Structures are given as C-alpha cells and as structure tokens.
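Below: query28.txt (compact mmCIF, C-alpha atoms)
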```
# COMPACT_ATOMS: atom_id res chain seq x y z
CA MET A 105 10.95 -12.00 -20.87
CA HIS A 106 13.74 -13.77 -22.73
CA THR A 107 13.80 -17.56 -22.47
CA LYS A 108 16.92 -17.64 -20.28
CA LEU A 109 15.60 -14.95 -17.95
CA SER A 110 12.27 -16.76 -17.62
CA LYS A 111 14.06 -19.60 -15.82
CA ILE A 112 15.36 -17.34 -13.06
CA PRO A 113 12.11 -16.99 -11.03
CA PHE A 114 11.66 -20.76 -10.85
CA LEU A 115 15.31 -21.26 -9.89
CA LEU A 116 14.91 -18.68 -7.10
CA LEU A 117 11.87 -20.56 -5.84
CA VAL A 118 13.85 -23.82 -5.89
CA LEU A 119 16.60 -22.05 -3.92
CA THR A 120 13.99 -20.99 -1.38
CA VAL A 121 12.90 -24.61 -0.98
CA ILE A 122 16.53 -25.60 -0.38
CA LEU A 123 16.77 -22.89 2.29
CA THR A 124 13.79 -24.41 4.10
CA PHE A 125 15.85 -27.55 4.65
CA LEU A 126 18.92 -25.64 5.77
CA PHE A 127 17.02 -23.20 8.00
CA PRO A 128 13.87 -24.94 9.29
CA SER A 129 13.47 -22.42 12.15
CA VAL A 130 12.03 -25.02 14.51
CA PRO A 131 10.70 -23.41 17.71
CA THR A 132 12.31 -24.39 20.99
CA GLY A 133 9.04 -24.67 22.86
CA ALA A 134 9.78 -21.67 25.06
CA GLN A 135 6.71 -20.18 26.78
CA GLN A 136 5.68 -16.67 25.75
CA GLU A 137 4.77 -14.53 28.74
CA GLY A 138 2.18 -11.77 28.97
CA LEU A 139 0.07 -12.67 25.92
CA SER A 140 -3.58 -11.68 25.90
CA PRO A 141 -6.14 -14.10 24.39
CA ALA A 142 -8.48 -11.19 23.63
CA ASP A 143 -5.79 -9.14 21.87
CA THR A 144 -4.60 -12.21 19.99
CA ALA A 145 -8.13 -13.04 18.82
CA TRP A 146 -8.73 -9.50 17.61
CA MET A 147 -5.38 -9.32 15.80
CA LEU A 148 -6.03 -12.67 14.09
CA THR A 149 -9.28 -11.15 12.83
CA ALA A 150 -7.64 -7.87 11.85
CA THR A 151 -4.94 -9.72 9.91
CA ALA A 152 -7.60 -11.52 7.87
CA LEU A 153 -9.46 -8.24 7.33
CA VAL A 154 -6.37 -6.55 5.91
CA LEU A 155 -5.76 -9.46 3.56
CA ILE A 156 -9.27 -9.17 2.06
CA MET A 157 -8.36 -5.63 1.01
CA THR A 158 -6.06 -6.90 -1.75
CA PRO A 159 -8.77 -8.93 -3.54
CA GLY A 160 -10.99 -5.90 -2.91
CA LEU A 161 -8.44 -3.70 -4.64
CA ALA A 162 -8.34 -6.19 -7.53
CA PHE A 163 -12.10 -5.77 -8.05
CA PHE A 164 -11.85 -2.00 -7.53
CA TYR A 165 -9.20 -1.60 -10.23
CA GLY A 166 -10.44 -4.43 -12.43
CA GLY A 167 -13.84 -2.85 -12.83
CA MET A 168 -12.33 0.43 -14.00
CA VAL A 169 -10.25 -0.80 -16.94
CA ASN A 170 -11.15 -1.93 -20.43
CA ARG A 171 -12.75 -5.39 -20.58
CA LYS A 172 -9.74 -6.83 -22.41
CA ASN A 173 -7.50 -5.96 -19.45
CA VAL A 174 -9.64 -6.97 -16.46
CA ILE A 175 -7.92 -10.30 -15.70
CA SER A 176 -4.43 -8.87 -16.05
CA THR A 177 -5.23 -5.91 -13.80
CA MET A 178 -6.76 -8.13 -11.13
CA LEU A 179 -3.94 -10.66 -11.29
CA GLN A 180 -1.41 -7.92 -10.61
CA SER A 181 -2.99 -7.55 -7.17
CA PHE A 182 -3.29 -11.27 -6.52
CA ILE A 183 0.31 -12.02 -7.49
CA CYS A 184 1.47 -9.63 -4.75
CA MET A 185 -0.13 -11.91 -2.17
CA ALA A 186 2.00 -14.79 -3.44
CA MET A 187 5.29 -13.00 -4.08
CA ILE A 188 5.49 -10.78 -1.02
CA SER A 189 4.44 -13.60 1.32
CA VAL A 190 7.39 -15.77 0.28
CA ILE A 191 9.84 -12.85 0.31
CA TRP A 192 8.55 -11.83 3.76
CA VAL A 193 9.39 -15.23 5.23
CA VAL A 194 12.86 -15.38 3.71
CA PHE A 195 14.15 -11.89 4.54
CA GLY A 196 11.36 -9.31 4.15
CA PHE A 197 10.22 -9.23 7.77
CA SER A 198 13.84 -8.78 8.78
CA LEU A 199 14.33 -5.84 6.39
CA ALA A 200 11.31 -4.07 7.84
CA PHE A 201 11.51 -5.02 11.52
CA GLY A 202 14.94 -6.55 12.10
CA ASP A 203 17.68 -4.98 14.20
CA SER A 204 18.07 -1.43 12.99
CA ILE A 205 20.91 -0.47 10.69
CA GLY A 206 21.31 3.26 11.17
CA GLY A 207 17.57 3.77 11.48
CA PHE A 208 17.13 3.18 7.75
CA VAL A 209 16.54 -0.55 7.34
CA GLY A 210 16.54 -3.76 9.32
CA ASN A 211 19.25 -6.39 9.40
CA PRO A 212 18.15 -9.09 6.90
CA GLY A 213 19.58 -11.77 9.17
CA THR A 214 17.56 -10.93 12.28
CA PHE A 215 14.55 -13.06 11.37
CA PHE A 216 15.99 -14.83 8.31
CA MET A 217 13.62 -17.67 7.30
CA MET A 218 11.49 -16.58 10.28
CA ARG A 219 14.17 -17.63 12.76
CA ASN A 220 13.03 -17.06 16.36
CA VAL A 221 9.60 -15.86 15.25
CA LEU A 222 7.29 -18.73 16.23
CA ASP A 223 8.74 -18.75 19.74
CA GLY A 224 10.19 -15.26 19.88
CA ALA A 225 9.48 -12.58 22.44
CA PRO A 226 6.57 -10.32 21.41
CA TRP A 227 7.33 -7.14 19.46
CA GLU A 228 7.95 -4.36 21.97
CA LEU A 229 5.12 -2.19 20.60
CA ALA A 230 2.75 -5.17 20.49
CA PRO A 231 3.60 -6.94 23.77
CA THR A 232 0.33 -8.86 24.19
CA ILE A 233 0.26 -10.80 20.89
CA PRO A 234 2.64 -13.47 19.54
CA LEU A 235 5.52 -12.22 17.41
CA ALA A 236 4.39 -14.50 14.56
CA LEU A 237 1.00 -12.80 14.54
CA PHE A 238 2.60 -9.36 14.47
CA ALA A 239 4.73 -10.53 11.53
CA MET A 240 1.69 -11.80 9.62
CA PHE A 241 -0.29 -8.63 10.32
CA GLN A 242 2.52 -6.47 8.95
CA LEU A 243 2.87 -8.78 5.94
CA LYS A 244 -0.59 -7.75 4.75
CA PHE A 245 0.51 -4.10 4.58
CA ALA A 246 3.54 -5.10 2.54
CA ILE A 247 1.27 -7.03 0.14
CA ILE A 248 -1.20 -4.28 -0.66
CA THR A 249 1.34 -1.46 -1.13
CA PRO A 250 2.81 -2.56 -4.49
CA ALA A 251 -0.66 -3.69 -5.55
CA LEU A 252 -1.86 -0.10 -5.16
CA ILE A 253 0.68 1.06 -7.76
CA THR A 254 -0.81 -1.13 -10.50
CA GLY A 255 -3.61 1.30 -11.27
CA ALA A 256 -1.13 3.84 -12.61
CA PHE A 257 0.31 1.64 -15.38
CA ALA A 258 -2.74 -0.53 -16.02
CA GLU A 259 -3.28 -1.74 -19.59
CA ARG A 260 0.31 -1.38 -20.77
CA ILE A 261 2.88 -3.15 -18.53
CA ARG A 262 4.42 -6.58 -19.12
CA PHE A 263 3.44 -8.95 -16.36
CA THR A 264 6.93 -10.39 -15.89
CA SER A 265 8.43 -6.90 -15.76
CA TYR A 266 5.86 -5.97 -13.15
CA THR A 267 6.96 -8.85 -10.91
CA VAL A 268 10.59 -7.70 -11.15
CA PHE A 269 9.57 -4.17 -10.20
CA VAL A 270 7.51 -5.43 -7.25
CA LEU A 271 10.55 -7.27 -5.87
CA LEU A 272 12.79 -4.21 -6.22
CA PHE A 273 10.15 -1.85 -4.83
CA PHE A 274 9.66 -3.96 -1.74
CA ILE A 275 13.39 -4.26 -1.00
CA PHE A 276 14.44 -0.68 -1.69
CA ILE A 277 11.34 1.44 -1.00
CA TYR A 278 8.74 -0.30 1.15
CA ALA A 279 10.96 -2.10 3.66
CA PRO A 280 13.15 0.95 4.44
CA LEU A 281 10.08 3.17 4.88
CA ALA A 282 8.35 0.63 7.12
CA HIS A 283 11.49 0.33 9.23
CA ALA A 284 12.11 4.07 9.44
CA THR A 285 8.49 4.79 10.40
CA TRP A 286 7.41 1.89 12.63
CA HIS A 287 10.58 0.47 14.17
CA PRO A 288 11.36 2.08 17.55
CA GLN A 289 14.90 2.80 16.31
CA GLY A 290 13.71 3.95 12.89
CA LEU A 291 14.75 7.40 11.69
CA LEU A 292 11.25 8.82 11.24
CA PHE A 293 9.99 7.18 14.43
CA GLN A 294 12.82 8.81 16.39
CA LEU A 295 11.96 12.19 14.87
CA GLY A 296 8.41 11.88 16.17
CA VAL A 297 6.61 11.32 12.87
CA LEU A 298 3.08 10.00 13.41
CA ASP A 299 1.73 7.40 10.99
CA PHE A 300 -0.85 5.26 12.73
CA ALA A 301 -1.51 2.73 9.96
CA GLY A 302 0.40 3.56 6.79
CA GLY A 303 -0.27 6.98 5.29
CA THR A 304 3.47 7.38 4.72
CA VAL A 305 4.59 3.78 4.46
CA VAL A 306 1.76 2.52 2.25
CA HIS A 307 -0.09 5.31 0.48
CA MET A 308 2.60 7.92 -0.07
CA SER A 309 5.13 5.34 -1.22
CA ALA A 310 2.61 3.75 -3.59
CA GLY A 311 1.35 7.12 -4.81
CA TRP A 312 4.76 8.49 -5.69
CA ALA A 313 5.77 5.19 -7.29
CA ALA A 314 2.55 5.38 -9.32
CA LEU A 315 3.41 8.86 -10.58
CA ALA A 316 6.93 7.75 -11.53
CA SER A 317 5.46 4.70 -13.29
CA ALA A 318 2.93 6.73 -15.25
CA ILE A 319 5.66 9.07 -16.48
CA CYS A 320 8.14 6.29 -17.29
CA LEU A 321 5.69 4.11 -19.19
CA LYS A 322 4.17 7.07 -21.05
CA ARG A 323 0.66 7.21 -22.42
CA ARG A 324 -1.45 4.33 -23.60
CA HIS A 325 -2.20 4.09 -27.33
CA GLU A 326 -5.89 3.79 -26.44
CA ALA A 327 -6.15 6.15 -23.50
CA SER A 328 -9.93 6.55 -23.45
CA HIS A 329 -12.41 3.84 -22.54
CA SER A 330 -15.46 3.10 -20.46
CA PRO A 331 -15.07 1.14 -17.21
CA ALA A 332 -15.67 -2.55 -17.80
CA TYR A 333 -17.76 -3.29 -14.73
CA ILE A 334 -18.85 -0.55 -12.35
CA THR A 335 -20.42 -3.34 -10.28
CA PHE A 336 -16.87 -4.67 -9.73
CA VAL A 337 -15.87 -1.21 -8.49
CA LEU A 338 -18.75 -1.21 -6.01
CA LEU A 339 -17.86 -4.69 -4.81
CA GLY A 340 -14.20 -3.76 -4.49
CA THR A 341 -15.06 -0.63 -2.52
CA GLY A 342 -17.17 -2.67 -0.11
CA LEU A 343 -14.33 -5.14 0.46
CA LEU A 344 -11.80 -2.35 0.90
CA TRP A 345 -14.01 -0.49 3.37
CA PHE A 346 -14.67 -3.70 5.30
CA GLY A 347 -11.00 -4.69 5.37
CA TRP A 348 -9.87 -1.19 6.29
CA PHE A 349 -11.26 -1.66 9.79
CA GLY A 350 -8.55 -4.28 10.27
CA PHE A 351 -6.03 -2.00 8.59
CA ASN A 352 -6.62 0.91 10.96
CA ALA A 353 -8.21 -0.55 14.10
CA GLY A 354 -5.77 -3.46 13.98
CA SER A 355 -2.89 -1.00 14.16
CA ALA A 356 -3.82 -0.41 17.81
CA MET A 357 -2.29 -3.89 18.30
CA GLY A 358 -4.97 -5.01 20.71
CA ALA A 359 -8.66 -5.19 21.58
CA ASN A 360 -8.77 -1.86 23.35
CA GLY A 361 -10.21 1.63 23.34
CA LEU A 362 -7.69 2.89 20.80
CA ALA A 363 -8.83 0.22 18.35
CA ALA A 364 -12.42 1.38 18.83
CA THR A 365 -11.38 4.98 18.18
CA ALA A 366 -9.53 4.03 15.01
CA LEU A 367 -12.49 1.98 13.79
CA ALA A 368 -14.87 4.88 14.41
CA THR A 369 -12.72 7.55 12.75
CA THR A 370 -12.21 5.23 9.77
CA MET A 371 -15.95 4.89 9.31
CA THR A 372 -16.77 8.57 9.57
CA ALA A 373 -13.88 9.85 7.44
CA SER A 374 -14.75 7.51 4.59
CA ALA A 375 -18.45 8.31 4.75
CA ALA A 376 -17.78 12.05 4.73
CA ALA A 377 -15.34 11.73 1.84
CA ALA A 378 -17.83 9.73 -0.26
CA LEU A 379 -20.45 12.44 0.23
CA ALA A 380 -17.95 15.23 -0.41
CA TRP A 381 -16.90 13.71 -3.74
CA ILE A 382 -20.37 13.49 -5.26
CA PHE A 383 -21.56 16.75 -3.71
CA PHE A 384 -18.51 18.54 -5.09
CA ASP A 385 -19.17 16.91 -8.47
CA GLY A 386 -22.65 18.40 -8.23
CA VAL A 387 -21.16 21.85 -7.73
CA LYS A 388 -19.31 21.30 -11.01
CA GLY A 389 -22.50 20.31 -12.79
CA ARG A 390 -22.02 16.55 -12.78
CA LYS A 391 -24.50 13.87 -11.81
CA PRO A 392 -23.88 11.82 -8.67
CA SER A 393 -22.19 8.60 -9.77
CA ALA A 394 -21.41 5.21 -8.33
CA MET A 395 -17.82 5.62 -9.49
CA GLY A 396 -17.47 8.98 -7.74
CA THR A 397 -18.98 7.65 -4.53
CA CYS A 398 -16.56 4.73 -4.51
CA ILE A 399 -13.50 6.82 -5.29
CA GLY A 400 -14.44 9.35 -2.62
CA ALA A 401 -14.91 6.64 -0.01
CA VAL A 402 -11.49 5.17 -0.76
CA VAL A 403 -9.83 8.62 -0.64
CA GLY A 404 -11.33 9.10 2.82
CA LEU A 405 -10.00 5.73 3.92
CA VAL A 406 -6.56 6.66 2.64
CA ALA A 407 -6.52 10.06 4.34
CA ILE A 408 -7.64 8.85 7.76
CA THR A 409 -5.08 6.03 7.79
CA PRO A 410 -2.17 8.03 9.28
CA ALA A 411 -4.50 9.83 11.69
CA ALA A 412 -6.97 7.12 12.75
CA GLY A 413 -5.64 6.62 16.27
CA PHE A 414 -4.77 10.27 16.92
CA VAL A 415 -7.85 12.36 16.10
CA THR A 416 -11.42 12.83 17.31
CA LEU A 417 -14.55 11.77 15.43
CA PRO A 418 -15.52 15.33 14.39
CA HIS A 419 -12.01 15.94 13.10
CA SER A 420 -12.14 12.69 11.12
CA ILE A 421 -15.10 14.13 9.21
CA ALA A 422 -13.03 17.21 8.39
CA ILE A 423 -10.17 15.01 7.19
CA GLY A 424 -12.52 13.05 4.94
CA VAL A 425 -14.09 16.13 3.36
CA ILE A 426 -10.84 18.05 2.86
CA SER A 427 -8.99 15.08 1.34
CA SER A 428 -11.89 14.26 -0.97
CA VAL A 429 -12.15 17.79 -2.36
CA VAL A 430 -8.38 18.08 -2.84
CA SER A 431 -8.15 14.73 -4.64
CA ASN A 432 -11.20 15.57 -6.78
CA LEU A 433 -9.57 18.79 -7.92
CA LEU A 434 -6.28 17.05 -8.67
CA VAL A 435 -8.00 14.31 -10.70
CA ASP A 436 -9.43 17.06 -12.92
CA LEU A 437 -6.02 18.75 -13.10
CA ARG A 438 -4.27 15.47 -13.97
CA SER A 439 -6.71 14.86 -16.82
CA ARG A 440 -5.51 18.07 -18.46
CA THR A 441 -1.87 16.96 -18.45
CA SER A 442 -0.01 14.42 -20.58
CA ILE A 443 0.51 12.11 -17.59
CA ASP A 444 -1.45 8.89 -18.08
CA ASP A 445 -2.04 7.71 -14.52
CA THR A 446 -4.66 5.23 -15.71
CA LEU A 447 -6.74 4.98 -12.53
CA ASP A 448 -5.56 8.20 -10.82
CA VAL A 449 -3.50 6.45 -8.17
CA PHE A 450 -1.37 9.50 -7.42
CA PRO A 451 -4.19 12.05 -7.00
CA CYS A 452 -6.20 9.64 -4.84
CA HIS A 453 -3.77 7.45 -2.91
CA GLY A 454 -0.63 9.54 -3.02
CA VAL A 455 -2.24 12.92 -2.42
CA GLY A 456 -4.80 11.43 -0.06
CA GLY A 457 -1.97 10.01 2.03
CA MET A 458 -0.13 13.34 2.04
CA VAL A 459 -3.23 15.31 3.02
CA GLY A 460 -3.90 12.82 5.81
CA MET A 461 -0.33 13.05 7.03
CA LEU A 462 -0.42 16.85 7.17
CA LEU A 463 -3.85 16.91 8.81
CA THR A 464 -2.52 14.52 11.45
CA GLY A 465 -0.16 17.36 12.28
CA VAL A 466 -3.19 19.64 12.55
CA PHE A 467 -5.66 17.51 14.50
CA ALA A 468 -3.63 14.99 16.55
CA SER A 469 -4.75 15.09 20.19
CA LYS A 470 -3.25 13.76 23.41
CA GLY A 471 -6.81 13.38 24.65
CA VAL A 472 -7.27 10.67 22.01
CA ASN A 473 -3.82 9.15 22.32
CA PRO A 474 -1.79 10.20 25.39
CA ALA A 475 1.30 8.42 23.99
CA ILE A 476 1.99 11.08 21.35
CA PRO A 477 4.73 13.58 22.27
CA ASP A 478 3.14 16.64 20.62
CA GLN A 479 -0.31 17.79 19.58
CA GLY A 480 -1.51 19.34 16.33
CA LEU A 481 -1.75 22.93 15.15
CA ILE A 482 -5.37 23.29 16.22
CA PHE A 483 -4.24 22.88 19.83
CA GLY A 484 -1.68 25.66 19.50
CA GLU A 485 1.43 23.50 19.00
CA THR A 486 3.58 23.70 15.86
CA LYS A 487 6.30 21.08 16.34
CA LEU A 488 4.28 18.06 15.18
CA PHE A 489 3.03 19.82 12.05
CA LEU A 490 6.55 20.83 11.07
CA VAL A 491 7.79 17.27 11.71
CA GLN A 492 5.00 15.87 9.53
CA LEU A 493 5.74 18.41 6.79
CA GLY A 494 9.45 17.63 6.81
CA ALA A 495 8.79 13.91 6.66
CA LEU A 496 6.33 14.43 3.80
CA ILE A 497 8.96 16.21 1.74
CA GLY A 498 11.69 13.69 2.53
CA VAL A 499 9.53 10.62 1.90
CA SER A 500 8.21 12.13 -1.35
CA ILE A 501 11.71 12.64 -2.71
CA PHE A 502 12.80 9.17 -1.61
CA ALA A 503 9.74 7.34 -2.93
CA PHE A 504 9.54 9.14 -6.27
CA GLY A 505 13.27 9.23 -6.97
CA GLY A 506 13.84 5.67 -5.79
CA SER A 507 10.92 4.32 -7.80
CA TRP A 508 12.11 6.15 -10.91
CA ILE A 509 15.52 4.50 -10.62
CA LEU A 510 13.97 1.07 -10.00
CA LEU A 511 11.73 1.44 -13.05
CA LYS A 512 14.78 2.21 -15.19
CA VAL A 513 16.63 -0.79 -13.73
CA THR A 514 13.62 -3.01 -14.41
CA ASN A 515 13.37 -1.75 -17.96
CA PHE A 516 17.05 -2.57 -18.44
CA ILE A 517 16.49 -6.13 -17.23
CA THR A 518 13.28 -6.66 -19.19
CA PRO A 519 11.19 -4.12 -21.13
CA LEU A 520 8.40 -2.58 -19.07
CA ARG A 521 5.91 -1.90 -21.85
CA VAL A 522 4.09 -4.37 -24.00
CA ALA A 523 4.30 -3.98 -27.76
CA VAL A 524 1.67 -1.87 -29.50
CA GLU A 525 0.05 -4.99 -30.95
CA GLU A 526 -0.12 -6.60 -27.50
CA GLU A 527 -1.71 -3.49 -26.00
CA GLN A 528 -4.31 -3.39 -28.75
CA LEU A 529 -5.06 -7.08 -28.33
CA GLY A 530 -5.38 -6.62 -24.58
CA LEU A 531 -3.19 -7.81 -21.74
CA ASP A 532 -5.54 -10.64 -20.78
CA LEU A 533 -4.73 -12.43 -24.03
CA SER A 534 -1.25 -11.11 -24.78
CA GLN A 535 0.17 -11.68 -21.28
CA HIS A 536 -1.91 -14.57 -19.93
CA ASP A 537 -3.74 -16.18 -22.85
CA GLU A 538 -7.00 -15.80 -20.97
CA LYS A 539 -10.17 -13.78 -21.46
CA MET A 540 -13.38 -12.91 -19.64
```

Just give me the structure of the file as structure tokens.
Amino acid sequence: MHTKLSKIPFLLLVLTVILTFLFPSVPTGAQQEGLSPADTAWMLTATALVLIMTPGLAFFYGGMVNRKNVISTMLQSFICMAMISVIWVVFGFSLAFGDSIGGFVGNPGTFFMMRNVLDGAPWELAPTIPLALFAMFQLKFAIITPALITGAFAERIRFTSYTVFVLLFFIFIYAPLAHATWHPQGLLFQLGVLDFAGGTVVHMSAGWAALASAICLKRRHEASHSPAYITFVLLGTGLLWFGWFGFNAGSAMGANGLAATALATTMTASAAAALAWIFFDGVKGRKPSAMGTCIGAVVGLVAITPAAGFVTLPHSIAIGVISSVVSNLLVDLRSRTSIDDTLDVFPCHGVGGMVGMLLTGVFASKGVNPAIPDQGLIFGETKLFLVQLGALIGVSIFAFGGSWILLKVTNFITPLRVAVEEEQLGLDLSQHDEKM
C-alpha cells in the first residue's frame, strides 16, 4: 500500500476512538424481562464455541499451504476477528439486524455504536437472552465468513489489500445477506427461505466470493506444493468440528430440544461425510488420507448448517454423504480447469452450502421443527424446494457478481496481487517479515 494510503486505517481507528467519546451508549439501567438463565448460559457457551472456529480455520488452512505462507494464511483468519469486531460495534450489527430498509439491509443508525444494546429489549426471535448476547453471537458468524474466503487466494494476495476487501465484503455482501435471511422483515425470510445457521449467509456467500477471487487473482506462479503441516489440518478440523456445535446448536437461541436436534444432526452429517470422502476416494483407487477425512468432515459440517434444525438424524446422514460425494467430484473437476482456487473453497464450502440448502428443501420436516411453513419434497410438498432453489440462484448471482465488483474496486484502490518476487519469497516474509 502506498505510504499515504497506509495512514488511512490508523486514522479510521482514531476516528472510532473519538466516536466512543461522542456516543458512549451508556445503559439506562432498565430491567430486561423474560430472560432465561439457562438459555443465557448456553448462548454464552455457544458464542465462545463459534469464535474458536476461526482459529480452527486458521490451522485448517495454514496446514494446507506451502511452509513459506503459513503465517500469512493463518493471520488472514485472525485479522478478521479484530476488524469485524470493531466494525460490528460501530455500524455492522445495525446493517445486519437494524430496522429493515426494504428487506435488503438494516438501518446503520439503529444500533450505532451499540446504542440501546446493553439494555435493549431482547431480539424478537431470541426473546430469552439479552440483546447484547444475541449481537455477540451473530458477530462470530460475521467474523468467520470472510475468513473462509482466504483459502481461495492463499499464497498470492497482499495483506493490506485483503483487509480492504474484507471491509467491502462485509458491508456490501455479508450484512445484506444476513439481514435478508435472518431479519423477520428480510426479503428472503419473508419468502420462506430456510437457513438454520448460515448455509446461505455464510457458506454460499464465502464460496462464491472465493470463486470470484480465484478468477480475479489468476493462477499462482508456483501452483503445486505439498501441504506444510497435515497435523495442523487435523487440529484445525477438530477445532472446527468442536466449535460447529455452537454454530448450529446455538442457532436454536436457547437450551432446548431444537438445540439438541441441531447438535445431533451436526455430529452425524459430519461423520458420514468424512467416511464418504475417503470411501469414495477408495472407489477411485486412492488411499484413505488424513487430508481427505478432514475435508470430508468439514464439507458435512457445511452442508448440514442450513438444515440442522429442520431435518431428522437419518436424513442428516444422507445430507453428509451426498454433499461429500458432490464436493469430491467437483474438486477433481476444478483441478482440471485453469481456476486456481488454492484450497478448494468453492467446491467444498460454496457447493457444500448449496447442496445443503437444496437438501433442506428435500428433507425439512414439521415433525422436527413445527415452526416451518412448508415441508420438503420427500413429504410430498414442492413449495419449499422451489423457494430454496430460487434463493440459491438469486444469492449466487448476488454473491458472485457483487464480490467480483468489490475485487475490482479493491484492486483499483491497492493492487490485490503481490509481485512475482514476493510470491516466490513467500508471503510470511514479504508481507509480514516473519517466518516459521
């Protein structure tokens, strides 16, 4: 980044500090009625579980890249925890969950600087936990979404350019999708789209942004390498799997039977997907691998995310197996193209999210969740499946097209790609002056 431009992030942080004096958002001491200590305790735990997923993702991705790019790849996940948290307090929560503007995005002034959050009335879809806790739980989803994208352009993006893209992606892609899907007045919510914990908002948006990024940044100059630390991948998978129970079961917004269902379907879908990946590799003549087991498990976690609170345990196994096989096939197909999606984010996260979203329209059951308006295809109803399909197409166009534009804008502000010499040296040294 040019010297003058490099001053802008610090100046923005100074401006944020000034805003804290102007808008301290001091609570009035009003009593919050109807809160449940049990639900609050569980959601505090779930919020922490979701946060551990981002360091888990850092290990998951960091172990897959070349040794000279491990620190840079992991830092790209960690910096999201810092950046998005500050943005969330200033106006991010408002963009996602503020008063609806046409069903597309929230009013940035609704909770500006977390005004009326510490003592605010609980969120209407989470009436038994404090509003501040709901805000912090949702923050963790906003953190991990841009971090997921990093696997697509690993080993060749400028760190400062990445931070600019993260800011733009959150404002123009993530926040509108979160609002449209999870706000009661959101466009997709009103249409009846089911996304229990982020198949559309998190995984599809990140997956399509990853594909756009891989195309925009073009191929690496050294596109073949061995993973640096498969042990890191195993550790990252364990942290992701552990944290995902907060991701999905926490989306029930309470310590209740629906949370137990979501936890159970999350476990079984991921287990089935891990087995399906290595067994399908065996059909193709490959040895069972730690890498394949880990990737399969994560694909299963991705696919069950939109369906976790809507489907039965047997159907969760079907979702895990189907998504794993589809993603496995697409990873092979992607490898025969010129698209350099470094860590196969689109075939695994993007496609996994889409398969999960469609299969929600197949397997969703009122017996599991009586609150849903329509059931899936397997129960003889077609409306939900068609709604899910329409939303999939619309969100795909929005996420891919919007991300493409934001990448071009970012590249105009500051070049996205490192120089050839910097790529060959490795991003750990060229971007951070650090090494393993």

Taking (-1.8, 5.3, 13.8) in the file's own coordinates, collect the residues within 10 Å, counting all atoms listed in the file, and hand them back as number ranges by chain. A: 286, 298-303, 351-356, 362-363, 366, 408-415, 464, 473

Considering all atoms listed in the file, can you say which of A:Thr132, A:Thr285, A:Thr232, A:Ser393 comes closest to Asn360 of chain A? A:Thr232

Non-local contacts of Val270 of chain A (8 Å; only C-alpha atoms; under 3 positions in same chain excluded) as a ChimeraX atom specification: /A:184,250,266-267,273-274

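Using all atoms listed in the file, the set of residues no farther than 12 Å from the position (-13.6, 21.6, -3.2) comprises A:Ala377, A:Leu379, A:Ala380, A:Trp381, A:Ile382, A:Phe383, A:Phe384, A:Asp385, A:Gly386, A:Val387, A:Lys388, A:Gly424, A:Val425, A:Ile426, A:Ser427, A:Ser428, A:Val429, A:Val430, A:Ser431, A:Asn432, A:Leu433, A:Leu434, A:Val435, A:Asp436.
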
Sorted per-residue table, segment 389-471 of chain A near segment 335-349 of chain A, closest atoms and distance, 8 Å, all atoms listed in the file, as CSV:
```
residue,atom,partner,partner_atom,distance
A:Ala394,CA,A:Leu338,CA,7.3
A:Met395,CA,A:Val337,CA,7.2
A:Cys398,CA,A:Thr341,CA,5.9
A:Ala401,CA,A:Thr341,CA,7.7
A:Val402,CA,A:Thr341,CA,7.0
A:Leu405,CA,A:Trp348,CA,7.3
```

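For the pair atom CA of Leu496 of chain A and atom CA of Val455 of chain A, the separation is 10.7 Å.
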
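Taking only C-alpha atoms into account, Ser507 of chain A lies nearest to A:Ala316 out of the set A:Ile399, A:Leu463, A:Ala225, A:Ala316.
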
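Between atom CA of Gly460 of chain A and atom CA of Ala318 of chain A the separation is 23.0 Å.
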
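Using all atoms listed in the file, the protein and nucleic acid residues lying no more than 7 Å from Lys244 of chain A, apart from those fewer than 3 places from it along its own chain, are Val154, Leu155, Met240, Phe241, Ile247 and Ile248 of chain A.
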
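All residues of protein, DNA or RNA that reach within 12 Å of Val524 of chain A, judged by only C-alpha atoms and not counting those fewer than 4 positions away in the chain, are Glu259, Arg260, Ile261, Arg262, Arg323, Arg324, His325, Glu326, Gln528, Leu529, Gly530, Leu531 and Ser534 of chain A.
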
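Here the question is which of A:Val121, A:Leu281, A:Ala375, A:Ala186 gets nearest to Thr158 of chain A using only C-alpha atoms, and that residue is A:Ala186.
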
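Of the residues listed (A:Met147, A:Leu481, A:Leu252, A:Val193), A:Leu252 shows the shortest atom-to-atom separation from His453 of chain A; distances use only C-alpha atoms.
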
Residue nearest Asn170 of chain A among A:Ser330, A:Thr446, A:Thr514, A:Ser500 (counting only C-alpha atoms): A:Ser330

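For the pair atom CA of Val403 of chain A and atom CA of Ala378 of chain A, the separation is 8.1 Å.
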
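The smallest atom-to-atom distance between Ala200 of chain A and any of A:Arg219, A:His283, A:Lys172, A:Lys512, using only C-alpha atoms, is found for A:His283.
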
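Taking only C-alpha atoms, the non-local environment of Phe489 of chain A within 9 Å (same-chain residues fewer than 4 positions away omitted) comprises A:Leu462, A:Leu463, A:Thr464, A:Gly465, A:Val466, A:Gln479, A:Gly480, A:Leu481, A:Glu485, A:Leu493, A:Gly494.
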
Find the residues around Gly498 of chain A up to 12 Å (only C-alpha atoms counted), leave out those fewer than 4 positions away in its own chain, and share them as a ChimeraX atom specification. /A:281,284,291-292,297,304,308-309,312,458,491-494,502-506

Take every atom of segment 396-414 of chain A listed in the file, fit an axis-aligned box around them, add 5 Å per side, and give the centre and edge lengths in Å to one decimal as JSON.
```
{"center_x": -10.6, "center_y": 7.5, "center_z": 4.6, "size_x": 26.8, "size_y": 15.5, "size_z": 34.7}
```
